[in-house]
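Engineer: This is the structure I have questions about; it appears just below.
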Amino acid sequence: MSTPLLETDGLTKRYGSRIGCAGVSFTLWPGEVMGIVGESGSGKSTLLSCLAGHLASDAGQIRYRDRHGETHLPATMSEAARRRLAREEWAYVHQNPRDGLRMGVSAGGNIGEPLMARGQRHYGDIREAALSWLERVEIARDRIDDPPRAFSGGMQQRLQIARALVNNPRLVFMDEPTGGLDVSVQARLLDLLRGLVRDLGLSAVIVTHDLAVVRLLADRLMVMQGGYVVESGLTDQVLDDPQHAYTQLLVSSVLQV
Amino acid sequence: MISVDDVSKSFTLHNQGGASLCVMRGAELCVAPGECVALTGPSGAGKSTLMRMVYGNYRIEAGTIRVGTVALETARPRDILALRRETLGHVSQFLRVVPRVPTLDVVAEPLRRLGVDADTAHARAGALLERLRIPQALWQIAPATFSGGEQQRVNIARGFVHPWPALLLDEPTASLDPANRETVLELIMEAKARGAAILGIFHDADARARVCDREIDVGRFTPARPTLERRGQ
Amino acid sequence: MSDYNFAYLDEQTKRMIRRALLKAVAIPGYQVPFASREMPMPYGWGTGGVQVTAACLVPEDTLKVIDQGADDTTNAVSIRGFFARVADVATTQRTVEASIIQTRHRIPETPLREDQILVYQVPIPEPLRFLEPRETQTRKMHALAEYVLMHVRLYEDIARHGEIAKSYAYPVRVEGRYVMDPSPIPKFDNPKLGDCPALQLFGAGREQRIYALPPYTRVESLDFEDYPFKASKPDQPCALCGASDSYLDEVITDDAGSRMFVCSDTDYCRERRAAGHRGLMAAPFEDDADAELPQ
């Protein structure tokens with residue numbers, strides 16, 4: 001496809017006199033996975049929240065082109081319209097599965113909710129979809145009626161991913177999707193995400209401080225420091241041939257195993 | 001197919017007083033379809049640096065590099081990704097993959113990314129693994145636990161699983177036993193025969209002599225004495 | 001009586017409630033906040049319904065009050081007595097004679113008419129309350145018509161029990177817009193909510209909300225295509241009047257587990273027996289509709 005999916009231009013968010021993120025411009029194409037790295041407070045999470053419409057930006061533009069080819073400006077849309085757009089086109093994966101799941105509702109209900117939100121009213125179909133997604137994220141089918149409370153952290157995160165992707169979104173926002181998981185569980189999750197992104201042709205924006213995660217998942221990388229994007233480009237190029245002082249510091253700070 | 005024209009490269013180390021290290025100046029070469037060109041030169045001459053620039057892994061500061069119709073110095077990330085997916089294959093020295101992914105999937109992945117269905121991709125991957133004598137018992141195991149030679153063969157299988165029109169080979173025969181070395185050389189010859197343009201680094205002089213049409217001494221492009229310039233102060 | 005303003009509430013308060021009622025009628029199913037007053041009865045005894053009734057009453061009205069279908073239970077008796085005293089209006093036990101019917105947890109079996117008003121006592125007006133405790137969030141959900149949680153709840157019911165287990169206060173969607181709690185009426189009554197000729201008003205005193213269904217409003221009970229809504233009741237006829245189309249109460253008759261099912265709507269049952277219908281356990285009919293009930 002030759003038209004961009006998401007474009008930002010000079011996106012800025014301030015918290016009083018403090019800068020959240022400033023002057024962020026980029027173009028995301030269909031099927032691309034973009035990583036955003038930086039230390040805590042670098043503005044990467046603020047940027048993700050602005051992109052996903054959870055935070056209103058103070059300046060700059062966001063343009064999104066939906067599956068029908070129509071362009072939307074989420075910043076100027078009504079909340080109802082923006083939420084509809086988010087429901088039909090986007091998904092959000094939180095670092096903490098508790099933020100993305102209903103802990104008291106069964107796994108099947110959690111996966112089924114986005115389908116019901118889009119008007120699916122056939123119980124059997126919803127259940128079938130939930131079962132097939134459980135399988136896809138490697139959770140046993142017979143766990144469908146268990147609440148996420150009864151799941152391990154890795155399973156909860158996989159369940160959150162199933163819930164996020166069940167509606168066939170075109171763009172997925174992920175905030176530290178592997179944070180808080182054991183290393184071995186992380187690896188399995190990364191492989192799962194990679195396969196899903198490839199098979200579903202998803203575009204994604206992934207915020208993380210883990211350079212290994214972006215190397216494996218992201219096609220492109222933006223490095224943020226103090227609210228600004230200091231370097232961006234092809235992921236392996238930015239990591240292997242970093243140009244900016246901060247990126248060099250970041251890359252050289254990673255422990256080698 | 002591959003052309004390098006007046007390419008220079010230096011590294012600026014911001015966290016070491018802003019030292020700038022120039023490692024290459026005026027590099028030039030080209031590789032035609034069906035041709036295999038070896039990069040030679042002493043260690044540190046910049047063979048790997050040049051390969052990495054052709055692959056888009058290192059930034060090109062000055063000069064031009066073209067692979068097929070893509071000019072790497074101005075290409076956007078998505079152009080480079082498309083180039084790697086469709087046109088430019090790469091066998092690196094070390095295998096870098098997601099942990100715990102089965103070997104067969106590792107090898108089949110480039111095909112899956114091109115949209116080949118899982119069965120076809122696995123069949124082709126399996127055929128190559130078999131040719132490279134990786135026992136079928138290991139196909140469902142992640143390669144991280146393999147020996148160096150086995151990992152290298154998995155890497156090679158991954159690099160030959162799709163008939164890329166251009167190939168970069170970094171020490172493809174290192175740490176291989178004679179039989180497997182022979183197989184790899186066959187694979188290279190077959191790639192040449194189908195018209196692939198190959199650029200490689202071969203420390204194995206005999207292998208180089210058998211598959212390479214030309215050699216380019218990268219030492220020619222190394223600045224006489226690496227110039228170290230301190231900035232600021 | 002003369003010590004009180006007509007129908008207990010002062011005119012300003014009645015005006016305030018009527019304004020809320022008009023707004024509620026204008027936006028069917030929408031919960032309108034109102035400044036609920038202290039009433040001379042405890043919360044939970046129908047203070048919301050009483051205030052709505054008080055704001056609607058005129059001296060010419062005939063009032064009927066039912067509690068779970070019955071005219072003769074404590075709650076019904078005391079509210080009827082209250083209005084007989086502070087408004088001096090006529091009261092009745094006959095659905096067909098009433099111009100205003102205040103109800104707790106039932107809709108009369110006898111079809112209502114355009115010249116009647118049905119006033120519901122509502123304990124919890126917010127259908128989303130037990131799914132989302134934050135009022136700020138539920139208001140937003142109503143505003144954006146994001147009601148998926150209701151279906152998640154129904155899904156959970158089917159997953160757990162094999163069917164939608166909710167048997168009363170079964171949520172409805174009004175005119176395809178607002179999801180509304182019909183108060184704790186049995187789901188058997190849900191079909192009577194829609195396309196009803198009478199005006200239906202809902203008052204929640206403690207929660208300070210009023211909502212309404214204007215006559216002939218479209219009301220749909222939430223369900224799934226493959227688990228459609230079913231208005232259920234005990235599968236047998238009334239033991240007294242033999243009716244098979246009315247909602248039945250289960251009455252335990254001894255300590256050995258014997259029981260009988262009788263119409264929950266006492267007026268409906270009596271009218272049928274007066275017309276000669278007999279159930280299996282019916283005694284000879286004796287009309288007590290105009291008997292003096294304790295006040």
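Convention: chains lettered A, B, ... in structure tokens order; per-chain residue numbering from 1; ligands numbered from 1 as shown.
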Considering only C-alpha atoms, extract the chain B residues located within 7 Å of chain A and return them as a list in words.
Structural biologist: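 Putting it all together, I get His14, Asn15, Gly56, Asn57, Tyr58, Arg59, Pro77, Val98, Pro99, Arg100, Val101 and Arg113 of chain B.
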Engineer: Take the selection from the previous step and output its residues with all heavy atoms, as a tab-separated table (two decimals), in the first residue's frame.
Structural biologist:
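And here's selection-v6.tsv as it stands now:
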```tsv
chain	number	residue	atom	x	y	z
B	14	HIS	N	30.44	10.21	20.71
B	14	HIS	CA	30.06	11.37	21.51
B	14	HIS	C	30.40	11.20	22.98
B	14	HIS	O	30.60	12.16	23.69
B	14	HIS	CB	28.55	11.61	21.37
B	14	HIS	CG	28.15	12.02	20.00
B	14	HIS	ND1	28.38	13.28	19.52
B	14	HIS	CD2	27.55	11.33	19.00
B	14	HIS	CE1	27.93	13.35	18.27
B	14	HIS	NE2	27.42	12.17	17.93
B	15	ASN	N	30.43	9.96	23.41
B	15	ASN	CA	30.63	9.76	24.84
B	15	ASN	C	32.09	9.52	25.18
B	15	ASN	O	32.43	9.18	26.30
B	15	ASN	CB	29.76	8.61	25.32
B	15	ASN	CG	28.30	8.94	25.11
B	15	ASN	OD1	27.81	9.90	25.69
B	15	ASN	ND2	27.63	8.18	24.25
B	56	GLY	N	22.48	-1.79	4.61
B	56	GLY	CA	21.66	-0.73	5.22
B	56	GLY	C	21.76	-0.71	6.72
B	56	GLY	O	21.02	0.00	7.39
B	57	ASN	N	22.66	-1.51	7.24
B	57	ASN	CA	22.79	-1.61	8.69
B	57	ASN	C	23.61	-0.44	9.25
B	57	ASN	O	23.36	0.02	10.36
B	57	ASN	CB	23.46	-2.96	9.01
B	57	ASN	CG	23.65	-3.18	10.49
B	57	ASN	OD1	24.73	-3.52	10.94
B	57	ASN	ND2	22.59	-3.00	11.27
B	58	TYR	N	24.56	0.05	8.48
B	58	TYR	CA	25.31	1.25	8.84
B	58	TYR	C	24.88	2.38	7.92
B	58	TYR	O	24.56	2.17	6.75
B	58	TYR	CB	26.82	1.03	8.68
B	58	TYR	CG	27.49	0.33	9.83
B	58	TYR	CD1	26.75	-0.15	10.92
B	58	TYR	CD2	28.88	0.16	9.84
B	58	TYR	CE1	27.37	-0.79	11.97
B	58	TYR	CE2	29.52	-0.48	10.89
B	58	TYR	CZ	28.75	-0.96	11.95
B	58	TYR	OH	29.38	-1.60	12.98
B	59	ARG	N	24.88	3.58	8.49
B	59	ARG	CA	24.50	4.73	7.70
B	59	ARG	C	25.59	5.10	6.70
B	59	ARG	O	26.78	4.98	7.00
B	59	ARG	CB	24.24	5.91	8.63
B	59	ARG	CG	22.98	6.63	8.25
B	59	ARG	CD	22.54	7.47	9.39
B	59	ARG	NE	23.45	8.60	9.49
B	59	ARG	CZ	23.02	9.80	9.79
B	59	ARG	NH1	21.73	10.01	10.01
B	59	ARG	NH2	23.86	10.79	9.91
B	77	PRO	N	13.38	3.91	5.75
B	77	PRO	CA	13.41	2.59	6.40
B	77	PRO	C	12.54	1.56	5.69
B	77	PRO	O	12.96	0.41	5.48
B	77	PRO	CB	12.88	2.89	7.80
B	77	PRO	CG	13.28	4.29	8.08
B	77	PRO	CD	13.22	4.99	6.75
B	98	VAL	N	14.75	-14.66	17.67
B	98	VAL	CA	13.95	-14.68	18.89
B	98	VAL	C	14.22	-15.97	19.63
B	98	VAL	O	14.20	-17.05	19.04
B	98	VAL	CB	12.44	-14.61	18.57
B	98	VAL	CG1	11.62	-14.54	19.85
B	98	VAL	CG2	12.13	-13.44	17.68
B	99	PRO	N	14.52	-15.88	20.93
B	99	PRO	CA	14.79	-17.10	21.67
B	99	PRO	C	13.58	-18.04	21.62
B	99	PRO	O	12.44	-17.59	21.51
B	99	PRO	CB	15.00	-16.61	23.11
B	99	PRO	CG	15.15	-15.14	23.03
B	99	PRO	CD	14.54	-14.68	21.75
B	100	ARG	N	13.83	-19.30	21.71
B	100	ARG	CA	12.79	-20.33	21.85
B	100	ARG	C	11.91	-20.51	20.62
B	100	ARG	O	10.86	-21.10	20.69
B	100	ARG	CB	11.91	-20.04	23.07
B	100	ARG	CG	12.75	-20.03	24.32
B	100	ARG	CD	12.03	-19.75	25.59
B	100	ARG	NE	10.70	-20.27	25.68
B	100	ARG	CZ	10.04	-20.39	26.81
B	100	ARG	NH1	10.63	-20.06	27.93
B	100	ARG	NH2	8.83	-20.83	26.85
B	101	VAL	N	12.36	-19.98	19.47
B	101	VAL	CA	11.61	-20.23	18.24
B	101	VAL	C	12.23	-21.45	17.57
B	101	VAL	O	13.45	-21.51	17.42
B	101	VAL	CB	11.66	-19.01	17.30
B	101	VAL	CG1	10.98	-19.33	15.99
B	101	VAL	CG2	11.02	-17.82	17.96
B	113	ARG	N	7.51	-13.96	5.64
B	113	ARG	CA	7.41	-12.51	5.51
B	113	ARG	C	7.06	-12.08	4.09
B	113	ARG	O	6.50	-11.02	3.88
B	113	ARG	CB	8.73	-11.86	5.93
B	113	ARG	CG	8.61	-11.23	7.32
B	113	ARG	CD	9.79	-10.36	7.59
B	113	ARG	NE	10.78	-11.11	8.36
B	113	ARG	CZ	12.00	-10.67	8.61
B	113	ARG	NH1	12.39	-9.51	8.13
B	113	ARG	NH2	12.82	-11.37	9.34
```
Engineer: Distance table requested - chain A against chain C, cut-off 10 Å, only C-alpha atoms: one row per qualifying residue with the closest atom pair and its distance in Å to one decimal, ordered by chain and rising residue number, as a Markdown table.
Structural biologist:
```
| residue | atom | partner | partner_atom | distance |
| --- | --- | --- | --- | --- |
| A:Glu79 | CA | C:Leu144 | CA | 8.2 |
| A:Ala80 | CA | C:Leu144 | CA | 5.8 |
| A:Ala81 | CA | C:Leu144 | CA | 9.3 |
| A:Arg83 | CA | C:Leu144 | CA | 8.8 |
| A:Arg84 | CA | C:Leu144 | CA | 9.6 |
| A:Gly104 | CA | C:Leu131 | CA | 9.9 |
| A:Val105 | CA | C:Glu156 | CA | 7.2 |
| A:Ser106 | CA | C:Glu156 | CA | 7.1 |
| A:Ala107 | CA | C:Glu156 | CA | 9.9 |
| A:Gly108 | CA | C:Glu156 | CA | 8.4 |
| A:Gly109 | CA | C:Val152 | CA | 5.9 |
| A:Asn110 | CA | C:Val152 | CA | 8.0 |
| A:Ile111 | CA | C:Val152 | CA | 9.9 |
| A:Gly112 | CA | C:Val152 | CA | 7.6 |
| A:Glu113 | CA | C:Val152 | CA | 6.1 |
| A:Pro114 | CA | C:Val148 | CA | 8.1 |
| A:Leu115 | CA | C:Val148 | CA | 9.1 |
| A:Met116 | CA | C:Val148 | CA | 6.0 |
| A:Ala117 | CA | C:Val148 | CA | 5.0 |
| A:Arg118 | CA | C:Val148 | CA | 8.5 |
| A:Gly119 | CA | C:Val148 | CA | 8.5 |
| A:Gln120 | CA | C:Phe224 | CA | 8.8 |
| A:Arg121 | CA | C:Phe224 | CA | 5.0 |
| A:His122 | CA | C:Glu225 | CA | 5.1 |
| A:Tyr123 | CA | C:Phe224 | CA | 6.0 |
| A:Gly124 | CA | C:Asp226 | CA | 7.1 |
| A:Asp125 | CA | C:Asp226 | CA | 9.3 |
| A:Ile126 | CA | C:Tyr155 | CA | 9.1 |
| A:Arg127 | CA | C:Ala159 | CA | 8.9 |
| A:Ile144 | CA | C:Ala159 | CA | 9.1 |
| A:Asp145 | CA | C:Ala159 | CA | 6.9 |
```
Engineer: Export, as a short mmCIF file (atom, residue, chain, number, x, y, z; two decimals), in the first residue's frame, the selected residues with N, CA, C and O atoms.
Structural biologist:
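The resulting file, out-v5.cif, is shown below:
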```cif
data_model
loop_
_atom_site.label_atom_id
_atom_site.label_comp_id
_atom_site.auth_asym_id
_atom_site.auth_seq_id
_atom_site.Cartn_x
_atom_site.Cartn_y
_atom_site.Cartn_z
N GLU A 79 -15.57 13.17 21.17
CA GLU A 79 -15.10 12.00 21.91
C GLU A 79 -15.79 10.72 21.42
O GLU A 79 -15.17 9.68 21.29
N ALA A 80 -17.09 10.84 21.14
CA ALA A 80 -17.82 9.66 20.67
C ALA A 80 -17.22 9.14 19.37
O ALA A 80 -17.01 7.94 19.21
N ALA A 81 -16.92 10.05 18.45
CA ALA A 81 -16.38 9.64 17.16
C ALA A 81 -14.98 9.06 17.33
O ALA A 81 -14.62 8.07 16.68
N ARG A 83 -13.77 7.60 19.99
CA ARG A 83 -13.85 6.28 20.61
C ARG A 83 -14.31 5.24 19.61
O ARG A 83 -13.89 4.08 19.65
N ARG A 84 -15.21 5.64 18.70
CA ARG A 84 -15.67 4.71 17.68
C ARG A 84 -14.49 4.33 16.78
O ARG A 84 -14.28 3.16 16.46
N GLY A 104 -12.53 -9.53 36.81
CA GLY A 104 -13.61 -10.34 37.35
C GLY A 104 -14.42 -11.06 36.28
O GLY A 104 -15.33 -11.82 36.59
N VAL A 105 -14.12 -10.76 35.03
CA VAL A 105 -14.88 -11.34 33.93
C VAL A 105 -14.06 -12.49 33.34
O VAL A 105 -12.83 -12.42 33.28
N SER A 106 -14.72 -13.54 32.91
CA SER A 106 -14.02 -14.72 32.39
C SER A 106 -13.16 -14.36 31.18
O SER A 106 -13.35 -13.32 30.54
N ALA A 107 -12.21 -15.25 30.87
CA ALA A 107 -11.34 -15.03 29.71
C ALA A 107 -12.18 -14.85 28.44
O ALA A 107 -11.94 -13.96 27.64
N GLY A 108 -13.21 -15.70 28.31
CA GLY A 108 -14.07 -15.61 27.13
C GLY A 108 -14.79 -14.27 27.06
O GLY A 108 -14.90 -13.67 25.99
N GLY A 109 -15.27 -13.80 28.21
CA GLY A 109 -15.96 -12.51 28.25
C GLY A 109 -15.00 -11.38 27.91
O GLY A 109 -15.37 -10.41 27.24
N ASN A 110 -13.76 -11.49 28.37
CA ASN A 110 -12.76 -10.47 28.07
C ASN A 110 -12.47 -10.39 26.57
O ASN A 110 -12.36 -9.30 26.01
N ILE A 111 -12.34 -11.55 25.94
CA ILE A 111 -12.06 -11.54 24.50
C ILE A 111 -13.32 -11.12 23.73
O ILE A 111 -13.25 -10.43 22.72
N GLY A 112 -14.49 -11.54 24.25
CA GLY A 112 -15.73 -11.25 23.54
C GLY A 112 -16.16 -9.80 23.62
O GLY A 112 -16.88 -9.32 22.74
N GLU A 113 -15.71 -9.09 24.65
CA GLU A 113 -16.20 -7.73 24.84
C GLU A 113 -16.01 -6.82 23.62
O GLU A 113 -16.96 -6.15 23.20
N PRO A 114 -14.80 -6.77 23.04
CA PRO A 114 -14.66 -5.90 21.86
C PRO A 114 -15.60 -6.30 20.71
O PRO A 114 -16.06 -5.44 19.97
N LEU A 115 -15.87 -7.59 20.58
CA LEU A 115 -16.79 -8.02 19.53
C LEU A 115 -18.19 -7.51 19.83
O LEU A 115 -18.88 -6.99 18.95
N MET A 116 -18.60 -7.64 21.10
CA MET A 116 -19.93 -7.17 21.47
C MET A 116 -20.02 -5.65 21.34
O MET A 116 -21.05 -5.11 20.97
N ALA A 117 -18.90 -4.98 21.61
CA ALA A 117 -18.89 -3.51 21.50
C ALA A 117 -19.13 -3.08 20.07
O ALA A 117 -19.61 -1.99 19.81
N ARG A 118 -18.79 -3.95 19.15
CA ARG A 118 -19.03 -3.61 17.75
C ARG A 118 -20.31 -4.23 17.23
O ARG A 118 -20.55 -4.29 16.04
N GLY A 119 -21.17 -4.68 18.17
CA GLY A 119 -22.50 -5.08 17.76
C GLY A 119 -22.69 -6.56 17.52
O GLY A 119 -23.76 -6.99 17.11
N GLN A 120 -21.66 -7.37 17.78
CA GLN A 120 -21.82 -8.81 17.63
C GLN A 120 -22.80 -9.30 18.71
O GLN A 120 -22.60 -9.06 19.88
N ARG A 121 -23.87 -9.98 18.30
CA ARG A 121 -24.91 -10.37 19.25
C ARG A 121 -25.22 -11.86 19.19
O ARG A 121 -26.30 -12.28 19.56
N HIS A 122 -24.30 -12.65 18.67
CA HIS A 122 -24.52 -14.09 18.60
C HIS A 122 -23.57 -14.77 19.58
O HIS A 122 -22.36 -14.82 19.35
N TYR A 123 -24.13 -15.29 20.67
CA TYR A 123 -23.31 -15.87 21.72
C TYR A 123 -22.38 -16.96 21.19
O TYR A 123 -21.18 -16.98 21.49
N GLY A 124 -22.94 -17.86 20.37
CA GLY A 124 -22.14 -18.97 19.86
C GLY A 124 -20.95 -18.49 19.04
O GLY A 124 -19.84 -19.01 19.17
N ASP A 125 -21.17 -17.47 18.22
CA ASP A 125 -20.08 -16.94 17.39
C ASP A 125 -19.01 -16.28 18.26
O ASP A 125 -17.81 -16.41 18.01
N ILE A 126 -19.48 -15.54 19.27
CA ILE A 126 -18.54 -14.84 20.16
C ILE A 126 -17.66 -15.87 20.87
O ILE A 126 -16.44 -15.74 20.97
N ARG A 127 -18.30 -16.93 21.32
CA ARG A 127 -17.59 -17.97 22.05
C ARG A 127 -16.58 -18.67 21.13
O ARG A 127 -15.45 -18.95 21.52
N ILE A 144 -11.43 -21.07 29.18
CA ILE A 144 -12.25 -19.98 28.66
C ILE A 144 -13.16 -19.36 29.71
O ILE A 144 -13.45 -18.17 29.67
N ASP A 145 -13.60 -20.16 30.68
CA ASP A 145 -14.52 -19.61 31.68
C ASP A 145 -13.83 -19.19 32.97
O ASP A 145 -14.48 -18.80 33.93
#
```
Engineer: I want to know what sits within 12 Å of Arg19 in chain C, based on only C-alpha atoms, with residues of the same chain fewer than 6 positions away left out; could you give that as a CSV table (one decimal) with C-alpha atoms, in the first residue's frame?
Structural biologist:
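This went into result-v1.csv:
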```csv
chain,number,residue,atom,x,y,z
C,12,GLN,CA,-42.4,24.7,44.5
C,13,THR,CA,-41.2,21.1,45.1
C,25,VAL,CA,-40.6,12.2,29.1
C,26,ALA,CA,-38.8,14.2,26.5
C,32,VAL,CA,-32.9,13.0,35.2
C,33,PRO,CA,-31.5,14.1,38.5
C,34,PHE,CA,-34.0,15.8,40.9
C,35,ALA,CA,-33.8,17.3,44.4
C,52,VAL,CA,-43.6,11.4,41.6
C,55,ALA,CA,-46.4,15.7,41.7
C,56,CYS,CA,-48.9,14.1,39.3
C,210,ILE,CA,-36.5,10.3,37.7
C,211,TYR,CA,-36.9,8.6,34.3
```
Engineer: Could you find all residues in range 21-232 of chain B that DSSP calls helix (DSSP H, G or I) from the backbone, and write them as a ChimeraX atom specification?
Structural biologist: /B:47-55,77-86,103-113,118-131,136-138,143-145,148-160,178-193,205-211,218-221
Engineer: Measuring atom to atom with only C-alpha atoms, identify which of C:Asp157, C:Asp67, C:Asp267, C:Glu220 is nearest to His105 in chain C.
Structural biologist: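 With only C-alpha atoms as the atom set, the closest residue is C:Asp67.
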Engineer: To one decimal in Å, tell me the separation between CA of Glu35 in chain B and CA of Ala82 in chain B.
Structural biologist: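 For CA of Glu35 in chain B relative to CA of Ala82 in chain B, the distance reads 22.8 Å.
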Engineer: Which distance in Å separates CA of Asn155 in chain B and CA of His90 in chain B, to one decimal?
Structural biologist: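 CA of Asn155 in chain B sits 9.2 Å away from CA of His90 in chain B.
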Engineer: Would you mind telling me which residue in C:Pro133, C:Pro127, C:Gly242, C:Gly162 lies nearest to Pro182 in chain C when using only C-alpha atoms?
Structural biologist: C:Pro127
